[in-house]
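Participant: The structure follows.
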Amino acid sequence: MYKKFRQAWPFLLPGLAGLLLFYFIPFVGGVWYSLTDGSFENKFVGLQNYTTVWQNQMFQLGLRNTMELSLICAPALFLLSFLLAAVLHRIRPAGAFFRSSVLMPYLMPSSAVLIIWLLWFDYGGPVNRLLTVLGGQRVDWLMGAELRLPVILLFLWKNLGFCVIVFLSALQAIPDVLYEYATLEGAGFRKQTFAITLPLVVPSAFLVLILSFVSAFRIFKEVFFIGGAYPEEPLYTLQNYMNNMYGKLNYQNVTTAAYIFAGMVFVLFGVLFLSQRQALRRLNGGD
Amino acid sequence: MKKLILWILTAALCLTACASALAAAGDRTLVHLSTVDGYMNAYISNVFLTEDGVAVYMNGMESKLVVYREGEEPAEYLMEEDEITNVPDEDGEEGSFISSYTQTLGWFTWQGNMYAVQYRSTSEGENTTVEGGFVKKARLEDGRVKLEDCDIPQLDWTYMIEEWGPGQQSSRGLNRMTVTGGMLVGSSWDNSGSNVLEVFDLSTGRAEEIPMQDMDSIFPGTEGTLLMTRYEWSENPIEYIIRYDLAAQSEEILGSVQLTDGQVQGICLDEKNNTLYMAMNGEIRAARNMDLENTEAVTDCPLSYDANMLLLEDGRILLWNQNAAVIRNPDPAARGETFTLTVQDMVYSENLSDAVYDFTDARGDATVVLKRGGLTSGILQAMMNRDAETDIYTLLYDSSEFDALRKRGFLADLSGNAALSAAADRMYPFLQDALKQDGKLTAVPTGLSGSAIGIHHDVWKKLGGTEEELPRTWDQFLDWLGTLPEKVDGTEYGVFDTWMDRESFRSNMLNILLNQYQSLLNEGEMDYAFNTPLLRGLLERLDSLDYDALKLAEPHYEEDGGMISYDGETYREPLLDIYTDVTLETWSGAAQPLLLSLEEGREPILPVRLSVAFVNPYSEHAEAAAEYLALSMKNLRKNVVYSLYTDQKEPVRDPYFAENQKQLTQWLEEAKAQLEKDEDNRAMWEENIRMYEENIADNEKNSWMIRPEAIEAYEERTRWLKILSYDFAGAMTSADNGGGDYYTMVWGYAQQQVSAQELLSGIDKKVQMMRLEGN
């Protein structure tokens with residue numbers, strides 16, 4: 001489109017400047033910060049912070065909990081949203097109301113949702129009453145490891161709508177003629193799913209999976225509302241650690257923890273990206 | 001030619017630069033009254049302009065008018081004493097009197113003269129009637145204020161008289177008196193407590209009362225008008241600034257301020273320059289062309305709460321309240337080269353706010369903006385941003401924020417300031433240890449406090465107890481507590497105050513124990529854990545006390561949730577007090593802290609909570625900030641000074657001691673003289689003489705602000721005092737989203753709904769997480 005690369009510069013410059021100013025420089029600055037002692041003198045200490053943070057028990061606890069919660073929440077969100085999107089896609093146009101409704105929790109403020117959630121999972125709340133009606137025992141959902149379940153359910157309930165919409169738009173973008181042509185060619189449901197639906201949905205599915213992980217990594221607001229800065233151990237996340245370190249003026253540990261985690265997320269997303277490529281290759285009949 | 005022009009330009013540049021540098025700011029502190037000596041012996045009742053200066057009317061031990069004239073020493077004029085007359089009531093019972101009392105309500109100036117407004121209250125039998133509105137002209141002569149009749153007629157006082165029962169009258173107060181358009185105006189409250197304007201015509205004496213809903217304050221306006229502030233309470237409360245026309249009784253809104261941005265302390269109008277000045281948040285802001293949306297800070301306002309404001313003829317502003325009267329120059333050009341020192345006082349330190357006056361008087365080139373309150377976490381954000389805007393901060397020593405700043409070296413070194421260094425060297429070792437880091441002074445104290453269980457030794461002695469019988473450890477204390485009900489039975493004494501209930505006792509004991517235990521943990525000799533056999537054991541023993549025998553009842557709650565703990569039982573003088581301050585006590589009836597160690601073989605600990613001021617390491621005025629702190633140290637209250645310095649050994653008499661002693665001695669002499677003359681009433685005069693002699697002896701013995709024994713006792717116990725550092729509870733409450741969990745646990749324990757085991761394991765769980773995270 002442009003005859004010379006030079007002609008593109010004026011158009012690229014504003015965007016690049018923003019990227020440089022708001023992403024690249026703070027990123028490099030943060031790296032530098034993670035290599036200093038964080039005192040008023042801010043002395044260079046090399047990788048000492050990385051060793052200290054990596055060996056810190058609470059960092060390890062936060063990282064483990066964050067990973068565990070993410071590995072439960074993200075796949076569950078991915079699967080549930082795909083299934084719900086497929087159902088809503090089937091029942092269109094009657095599903096218009098449900099399609100809109102499913103997005104509502106996403107739009108509601110977390111604090112308001114949380115109050116309702118706390119009432120539901122209270123010791124004398126509806127969930128426990130239902131359990132006793134079904135012959136079970138009451139559970140103290142808001143204490144100890146049990147608190148994870150309400151938090152996971154809250155996360156799913158709140159984020160499901162957005163992922164469903166992404167999946168639904170991907171499903172609705174597949175031209176009907178492809179299915180009609182495949183039917184004429186004698187392809188059954190299974191063949192249509194693997195040859196048409198999945199290859200065309202995979203890019204969106206990959207996006208949903210990434211977004212699910214991103215949301216799951218950020219599962220903190222809900223935990224903070226319930227348990228404060230120091231919640232029950234099973235709910236102490238990496239963000240608790242970073243938030244508390246910030247309160248102790250320990251910025252170098254905040255940045256160090258953030259970069260360690262960023263590195264791990266980078267690796268995870270790399271694996272996901274390679275998996276997506278593999279999946280597409282297989283579905284498109286490659287090796 | 002070029003050279004000549006260059007020379008002229010250079011000379012002009014030098015002259016203009018020097019002129020601004022040499023120009024005086026024009027700021028002046030006329031009066032500043034503080035409680036630095038432990039008491040306030042006067043307050044400013046009124047300030048007004050005279051023909052040639054500013055008159056400050058002070059009330060207190062003596063009433064006087066001090067006139068400040070430019071370039072002269074202040075001239076003092078004593079007020080005539082309020083007129084009291086007693087005449088025999090011929091119509092009343094035999095020996096009854098009609099008493100009348102004439103009092104000055106306020107002052108105003110009009111047409112170059114000073115006037116006092118008075119009212120007279122007359123008591124006849126059980127009836128009290130009020131007449132008022134007498135205007136007297138004041139003449140300053142021979143060091144006295146002489147009041148004389150004048151041409152102004154008596155003001156109609158009808159609206160000012162309150163009827164609060166049959167035959168019972170009193171006069172209302174009249175605040176912020178000012179004259180505008182020949183009308184004397186003041187604000188007051190009517191019977192229902194609503195704001196009203198009282199307006200008096202000075203030529204006819206006619207009065208009018210104008211209701212003013214939600215009015216905050218009034219200020220002088222231009223002829224025939226007033227300025228006033230009025231609140232509008234809503235989700236976003238607003239304070240309106242209004243010009244009120246008295247003749248038309250109409251108002252014009254000049255602008256408004258969001259109350260979230262700060263409360264307007266005072267306003268005044270410079271009509272010539274069409275500028276409104278507002279005092280708020282420690283600053284005077286100018287709204288040029290009456291544009292209240294875009295105001296500019298022009299100078300500081302050292303007054304800590306409401307401020308009356310008056311524009312002087314030379315463009316400077318006179319500000320005053322009950323504590324101080326100052327003049328500020330709002331013209332930036334006339335102020336010359338100045339800098340602003342900003343103080344963020346999170347702990348509301350009186351000495352820091354008093355130092356503003358001393359500092360601005362000492363440094364003509366400085367303006368001090370003192371801000372109170374604010375989020376302590378904001379300091380960490382400011383440090384992260386290397387923000388130099390605030391020069392001095394105050395915090396609690398045991399707050400997590402101060403702990404973080406101290407550990408990371410974000411406290412400027414104050415050792416370079418000779419006055420501060422010398423002051424620190426005079427302090428008790430427990431304070432020096434806390435305030436110095438690697439030998440450098442990094443903070444100065446602004447206050448200290450701490451509570452312990454106290455014992456009234458005199459009561460203990462009267463109960464037949466000896467010093468040797470007193471407990472030395474908490475275990476012994478709890479055993480000893482069990483024996484006390486029997487000891488006080490049948491005596492006029494109680495173990496605790498009659499109003500003390502079980503919950504208050506338990507929560508306070510828990511607080512004292514936790515603080516003491518934490519001080520022990522901070523010494524680093526033990527594992528940092530709360531759920532230990534030692535602490536758990538003590539709390540469990542606290543659970544098993546016989547509260548009924550100790551007469552510590554369950555608190556009663558009223559229907560509206562209010563608590564009544566005192567059930568009307570006869571008052572008994574208590575042996576123990578659970579809120580005894582461990583710093584230097586200032587009153588003779590105070591209990592002495594009981595020295596208890598946590599277990600046998602350990603030393604007693606008396607934890608002290610310290611508030612400190614320190615300088616921002618990024619401050620661009622670090623030296624001036626240290627100078628300011630040195631002045632703030634001079635403004636510390638007497639009891640704090642004696643609690644800090646090792647060389648403060650001289651006892652301090654009560655401020656009224658000499659006056660009282662003089663009065664009593666005079667009465668004694670008079671009684672003795674009467675005894676000689678009046679043989680018929682010999683017994684009465686002898687009794688009076690005995691009483692006066694007793695009073696003189698009593699005054700001699702008890703009339704102390706700081707008693708010699710208190711100094712001795714405090715000095716003795718300083719070796720047990722420990723500054724509380726990094727309070728886990730403070731950290732838990734600040735980090736824990738309001739600290740709900742922590743308070744629920746503590747309150748649950750106080751109400752005996754949470755066991756010691758549950759409480760301590762709950763605390764430990766969080767404390768261990770905090771500690772494992774590291775700093």
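Identifiers in this document derive from the order of the structure tokens: chains are assigned A, B, ..., residues are numbered from 1 separately in each chain, and ligands are numbered from 1 in order of occurrence.
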Using 9 Å as the limit and counting only C-alpha atoms, can you tabulate each residue of chain A that touches chain B, with its shortest atom-to-atom distance in Å and the two atoms involved, as a tab-separated table?

Facilitator:
residue	atom	partner	partner_atom	distance
A:Asp37	CA	B:Arg408	CA	9.0
A:Gly38	CA	B:Arg408	CA	7.2
A:Ser39	CA	B:Arg408	CA	4.5
A:Phe40	CA	B:Gly409	CA	5.4
A:Glu41	CA	B:Gly409	CA	7.9
A:Asn56	CA	B:Glu773	CA	6.8
A:Gln57	CA	B:Leu772	CA	6.5
A:Met58	CA	B:Glu773	CA	5.4
A:Phe59	CA	B:Glu773	CA	7.3
A:Phe224	CA	B:Asn737	CA	8.2
A:Phe225	CA	B:Asn737	CA	7.9
A:Gly227	CA	B:Asp736	CA	7.8
A:Gly228	CA	B:Asp736	CA	4.7
A:Ala229	CA	B:Asp736	CA	5.3
A:Tyr230	CA	B:Lys766	CA	6.2
A:Pro231	CA	B:Lys766	CA	8.2
A:Glu232	CA	B:Lys765	CA	8.6
A:Glu233	CA	B:Met769	CA	8.6
A:Tyr241	CA	B:Glu773	CA	7.3
A:Asn244	CA	B:Ala735	CA	7.7
A:Met245	CA	B:Asn775	CA	7.3
A:Tyr246	CA	B:Leu380	CA	8.4
A:Gly247	CA	B:Ser377	CA	7.3
A:Lys248	CA	B:Ala404	CA	5.2
A:Leu249	CA	B:Ala404	CA	5.8
A:Asn250	CA	B:Asn775	CA	6.8
A:Tyr251	CA	B:Met384	CA	8.0

Participant: Any idea what's packed within 9 Å of Gly224 (chain B), counting only C-alpha atoms, ignoring anything in its chain fewer than 3 positions away? Could you give it as an MDAnalysis selection string?

Facilitator: chainID B and resid 179:183 221 244:247

Participant: Which residues are near Glu162 (chain B)? Cut-off 8 Å, only C-alpha atoms, ignore same chain within fewer than 4 positions. Put them as a PyMOL selection string.

Facilitator: chain B and resi 169-172+191

Participant: Report the distance between CA of Leu88 (chain A) and CA of Gly188 (chain A) in Å, rounded to one decimal place.

Facilitator: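 One can read the CA of Leu88 (chain A) to CA of Gly188 (chain A) distance as 21.1 Å.
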
Participant: Which polymer residues have any atom within 6 Å of an atom of Gln344 (chain B), counting only C-alpha atoms, with same-chain residues fewer than 5 positions away left out, as a list of chain:residue names?

Facilitator: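 What passes the distance filter is B:Lys371, B:Arg372, B:Tyr393.
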
Participant: With only C-alpha atoms as the basis for distance, which of B:Gln432, B:Thr50, B:Ser96, B:Thr646 is at the shortest distance from Gly125 (chain B)?

Facilitator: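 Among B:Gln432, B:Thr50, B:Ser96, B:Thr646, it is B:Ser96 that comes nearest to Gly125 (chain B).
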
Participant: Using only C-alpha atoms, find the one residue out of B:Ala287, B:Ile327, B:Ala418, B:Val612 that sits nearest to Val444 (chain B).

Facilitator: B:Val612

Participant: Tell me, in Å to one decimal, how far CA of Ile152 (chain B) is from CA of Phe134 (chain B).

Facilitator: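 Answer for the CA of Ile152 (chain B) to CA of Phe134 (chain B) separation: 8.7 Å.
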
Participant: Which residues of region 466-519 of chain B come within 12 Å of region 712-727 of chain B, and for each one, what is the closest pair of atoms and their distance in Å to one decimal, counting only C-alpha atoms, sorted by chain and residue number, as CSV?

Facilitator:
residue,atom,partner,partner_atom,distance
B:Asn511,CA,B:Asp727,CA,11.7
B:Ile512,CA,B:Leu724,CA,11.8
B:Leu514,CA,B:Asp727,CA,9.9
B:Asn515,CA,B:Leu724,CA,7.6
B:Gln516,CA,B:Leu724,CA,8.8
B:Tyr517,CA,B:Leu724,CA,10.5
B:Gln518,CA,B:Asp727,CA,7.6
B:Ser519,CA,B:Leu724,CA,6.1

Participant: Can I get the selected residues back with N, CA and C atoms, as a PDB file, in the first residue's frame?

Facilitator:
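The resulting file, result27.pdb, is shown below:
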ATOM      1  N   ASN B 511      -6.437  -5.501  75.794  1.00  0.00           N
ATOM      2  CA  ASN B 511      -5.636  -4.516  75.093  1.00  0.00           C
ATOM      3  C   ASN B 511      -4.277  -4.315  75.781  1.00  0.00           C
ATOM      4  N   ILE B 512      -4.309  -4.187  77.105  1.00  0.00           N
ATOM      5  CA  ILE B 512      -3.065  -3.973  77.854  1.00  0.00           C
ATOM      6  C   ILE B 512      -2.157  -5.202  77.709  1.00  0.00           C
ATOM      7  N   LEU B 514      -2.182  -7.540  75.324  1.00  0.00           N
ATOM      8  CA  LEU B 514      -1.670  -7.720  73.954  1.00  0.00           C
ATOM      9  C   LEU B 514      -0.538  -6.741  73.657  1.00  0.00           C
ATOM     10  N   ASN B 515      -0.711  -5.489  74.082  1.00  0.00           N
ATOM     11  CA  ASN B 515       0.344  -4.496  73.853  1.00  0.00           C
ATOM     12  C   ASN B 515       1.626  -4.881  74.580  1.00  0.00           C
ATOM     13  N   GLN B 516       1.457  -5.327  75.817  1.00  0.00           N
ATOM     14  CA  GLN B 516       2.625  -5.707  76.607  1.00  0.00           C
ATOM     15  C   GLN B 516       3.307  -6.928  75.970  1.00  0.00           C
ATOM     16  N   TYR B 517       2.474  -7.868  75.544  1.00  0.00           N
ATOM     17  CA  TYR B 517       3.018  -9.085  74.956  1.00  0.00           C
ATOM     18  C   TYR B 517       3.733  -8.758  73.636  1.00  0.00           C
ATOM     19  N   GLN B 518       3.125  -7.850  72.880  1.00  0.00           N
ATOM     20  CA  GLN B 518       3.765  -7.499  71.616  1.00  0.00           C
ATOM     21  C   GLN B 518       5.099  -6.788  71.824  1.00  0.00           C
ATOM     22  N   SER B 519       5.153  -5.942  72.846  1.00  0.00           N
ATOM     23  CA  SER B 519       6.428  -5.286  73.171  1.00  0.00           C
ATOM     24  C   SER B 519       7.487  -6.326  73.480  1.00  0.00           C
TER      25      SER B 519
END

Participant: Please identify the alpha helix (DSSP H) residues within region 193-228 of chain A (assignment by DSSP from backbone atoms) and present them as an NGL selection string.

Facilitator: :A and (198-217 or 221-227)

Participant: Store the residues picked out above, limited to N, CA and C atoms, as a CSV table (one decimal), in the first residue's frame.

Facilitator:
chain,number,residue,atom,x,y,z
A,198,LEU,N,-15.5,-26.6,14.2
A,198,LEU,CA,-14.3,-26.4,15.0
A,198,LEU,C,-13.2,-25.6,14.3
A,199,PRO,N,-12.9,-25.9,13.0
A,199,PRO,CA,-11.8,-25.1,12.4
A,199,PRO,C,-12.1,-23.6,12.4
A,200,LEU,N,-13.4,-23.3,12.2
A,200,LEU,CA,-13.7,-21.9,12.1
A,200,LEU,C,-13.9,-21.2,13.5
A,201,VAL,N,-14.1,-22.1,14.5
A,201,VAL,CA,-14.3,-21.5,15.9
A,201,VAL,C,-13.0,-21.5,16.6
A,202,VAL,N,-12.0,-22.3,16.2
A,202,VAL,CA,-10.8,-22.4,17.0
A,202,VAL,C,-10.1,-21.0,17.3
A,203,PRO,N,-10.0,-20.1,16.3
A,203,PRO,CA,-9.3,-18.8,16.7
A,203,PRO,C,-10.1,-18.1,17.8
A,204,SER,N,-11.4,-18.1,17.7
A,204,SER,CA,-12.2,-17.5,18.8
A,204,SER,C,-12.1,-18.2,20.1
A,205,ALA,N,-12.1,-19.6,20.0
A,205,ALA,CA,-11.9,-20.4,21.2
A,205,ALA,C,-10.6,-20.1,21.9
A,206,PHE,N,-9.6,-19.9,21.0
A,206,PHE,CA,-8.2,-19.6,21.6
A,206,PHE,C,-8.3,-18.2,22.4
A,207,LEU,N,-9.0,-17.3,21.7
A,207,LEU,CA,-9.2,-16.0,22.4
A,207,LEU,C,-9.9,-16.1,23.7
A,208,VAL,N,-11.0,-16.9,23.7
A,208,VAL,CA,-11.8,-17.1,24.9
A,208,VAL,C,-10.9,-17.8,26.0
A,209,LEU,N,-10.1,-18.8,25.6
A,209,LEU,CA,-9.2,-19.4,26.6
A,209,LEU,C,-8.2,-18.5,27.2
A,210,ILE,N,-7.7,-17.6,26.3
A,210,ILE,CA,-6.7,-16.6,26.8
A,210,ILE,C,-7.4,-15.7,27.8
A,211,LEU,N,-8.6,-15.2,27.3
A,211,LEU,CA,-9.3,-14.3,28.2
A,211,LEU,C,-9.7,-14.9,29.5
A,212,SER,N,-10.1,-16.2,29.4
A,212,SER,CA,-10.5,-16.9,30.7
A,212,SER,C,-9.3,-17.0,31.6
A,213,PHE,N,-8.1,-17.3,31.1
A,213,PHE,CA,-6.9,-17.3,32.0
A,213,PHE,C,-6.6,-15.9,32.5
A,214,VAL,N,-6.7,-14.9,31.7
A,214,VAL,CA,-6.4,-13.6,32.1
A,214,VAL,C,-7.3,-13.2,33.3
A,215,SER,N,-8.6,-13.5,33.1
A,215,SER,CA,-9.6,-13.2,34.1
A,215,SER,C,-9.3,-14.0,35.4
A,216,ALA,N,-9.0,-15.2,35.2
A,216,ALA,CA,-8.7,-16.1,36.4
A,216,ALA,C,-7.5,-15.6,37.1
A,217,PHE,N,-6.5,-15.2,36.4
A,217,PHE,CA,-5.3,-14.7,37.1
A,217,PHE,C,-5.6,-13.5,37.9
A,221,LYS,N,-10.3,-9.3,43.3
A,221,LYS,CA,-11.3,-8.4,43.9
A,221,LYS,C,-12.3,-9.1,44.8
A,222,GLU,N,-12.7,-10.2,44.3
A,222,GLU,CA,-13.7,-11.0,45.0
A,222,GLU,C,-13.1,-11.5,46.3
A,223,VAL,N,-11.9,-12.0,46.2
A,223,VAL,CA,-11.2,-12.5,47.4
A,223,VAL,C,-11.0,-11.4,48.4
A,224,PHE,N,-10.6,-10.3,47.9
A,224,PHE,CA,-10.3,-9.1,48.8
A,224,PHE,C,-11.5,-8.7,49.5
A,225,PHE,N,-12.6,-8.7,48.8
A,225,PHE,CA,-13.9,-8.2,49.4
A,225,PHE,C,-14.3,-9.2,50.5
A,226,ILE,N,-14.1,-10.5,50.3
A,226,ILE,CA,-14.5,-11.4,51.4
A,226,ILE,C,-13.5,-11.5,52.5
A,227,GLY,N,-12.2,-11.7,52.1
A,227,GLY,CA,-11.2,-12.0,53.2
A,227,GLY,C,-10.2,-10.9,53.5

Participant: In Å, rounded to a single decimal, give me how far CA of Ile241 (chain B) is from CA of Leu254 (chain B).

Facilitator: 5.5 Å

Participant: Counting only C-alpha atoms, what is within 10 Å of Trp157 (chain A), bar same-chain residues fewer than 6 positions away, as number ranges by chain?

Facilitator: A: 77, 102-106, 151

Participant: Need to verify the contact set: Asp176 (chain A), 12 Å, only C-alpha atoms, exclusion of same-chain residues closer than 5 positions in sequence. Can you return it as a PyMOL selection string?

Facilitator: chain A and resi 171+181-183+192+196-197

Participant: Can you write out the residues you just picked, keeping C-alpha atoms, as a PDB file, in the first residue's frame?

Facilitator:
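Once written, result.pdb looks like this:
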ATOM      1  CA  LEU A 171     -20.670 -19.627  15.659  1.00  0.00           C
ATOM      2  CA  TYR A 181     -23.289 -27.833   1.062  1.00  0.00           C
ATOM      3  CA  ALA A 182     -21.829 -30.373   3.512  1.00  0.00           C
ATOM      4  CA  THR A 183     -25.262 -31.935   4.034  1.00  0.00           C
ATOM      5  CA  GLN A 192     -19.676 -31.124   9.993  1.00  0.00           C
ATOM      6  CA  ILE A 196     -16.552 -26.863   9.548  1.00  0.00           C
ATOM      7  CA  THR A 197     -17.502 -25.731  13.039  1.00  0.00           C
TER       8      THR A 197
END

Participant: So which bits of region 115-164 of chain B end up strand (DSSP E or B) when you DSSP the backbone, as a count of residues only?

Facilitator: 35

Participant: Write out as a PyMOL selection string which residues come within 6 Å of region 468-482 of chain B when counting only C-alpha atoms, dropping same-chain ones fewer than 3 positions away.

Facilitator: chain B and resi 596-599

Participant: Which residue is closest to Ile605 (chain B)? Choose from B:Ser415, B:Asn236, B:Asn522, B:Gln265 and count only C-alpha atoms.

Facilitator: B:Asn522
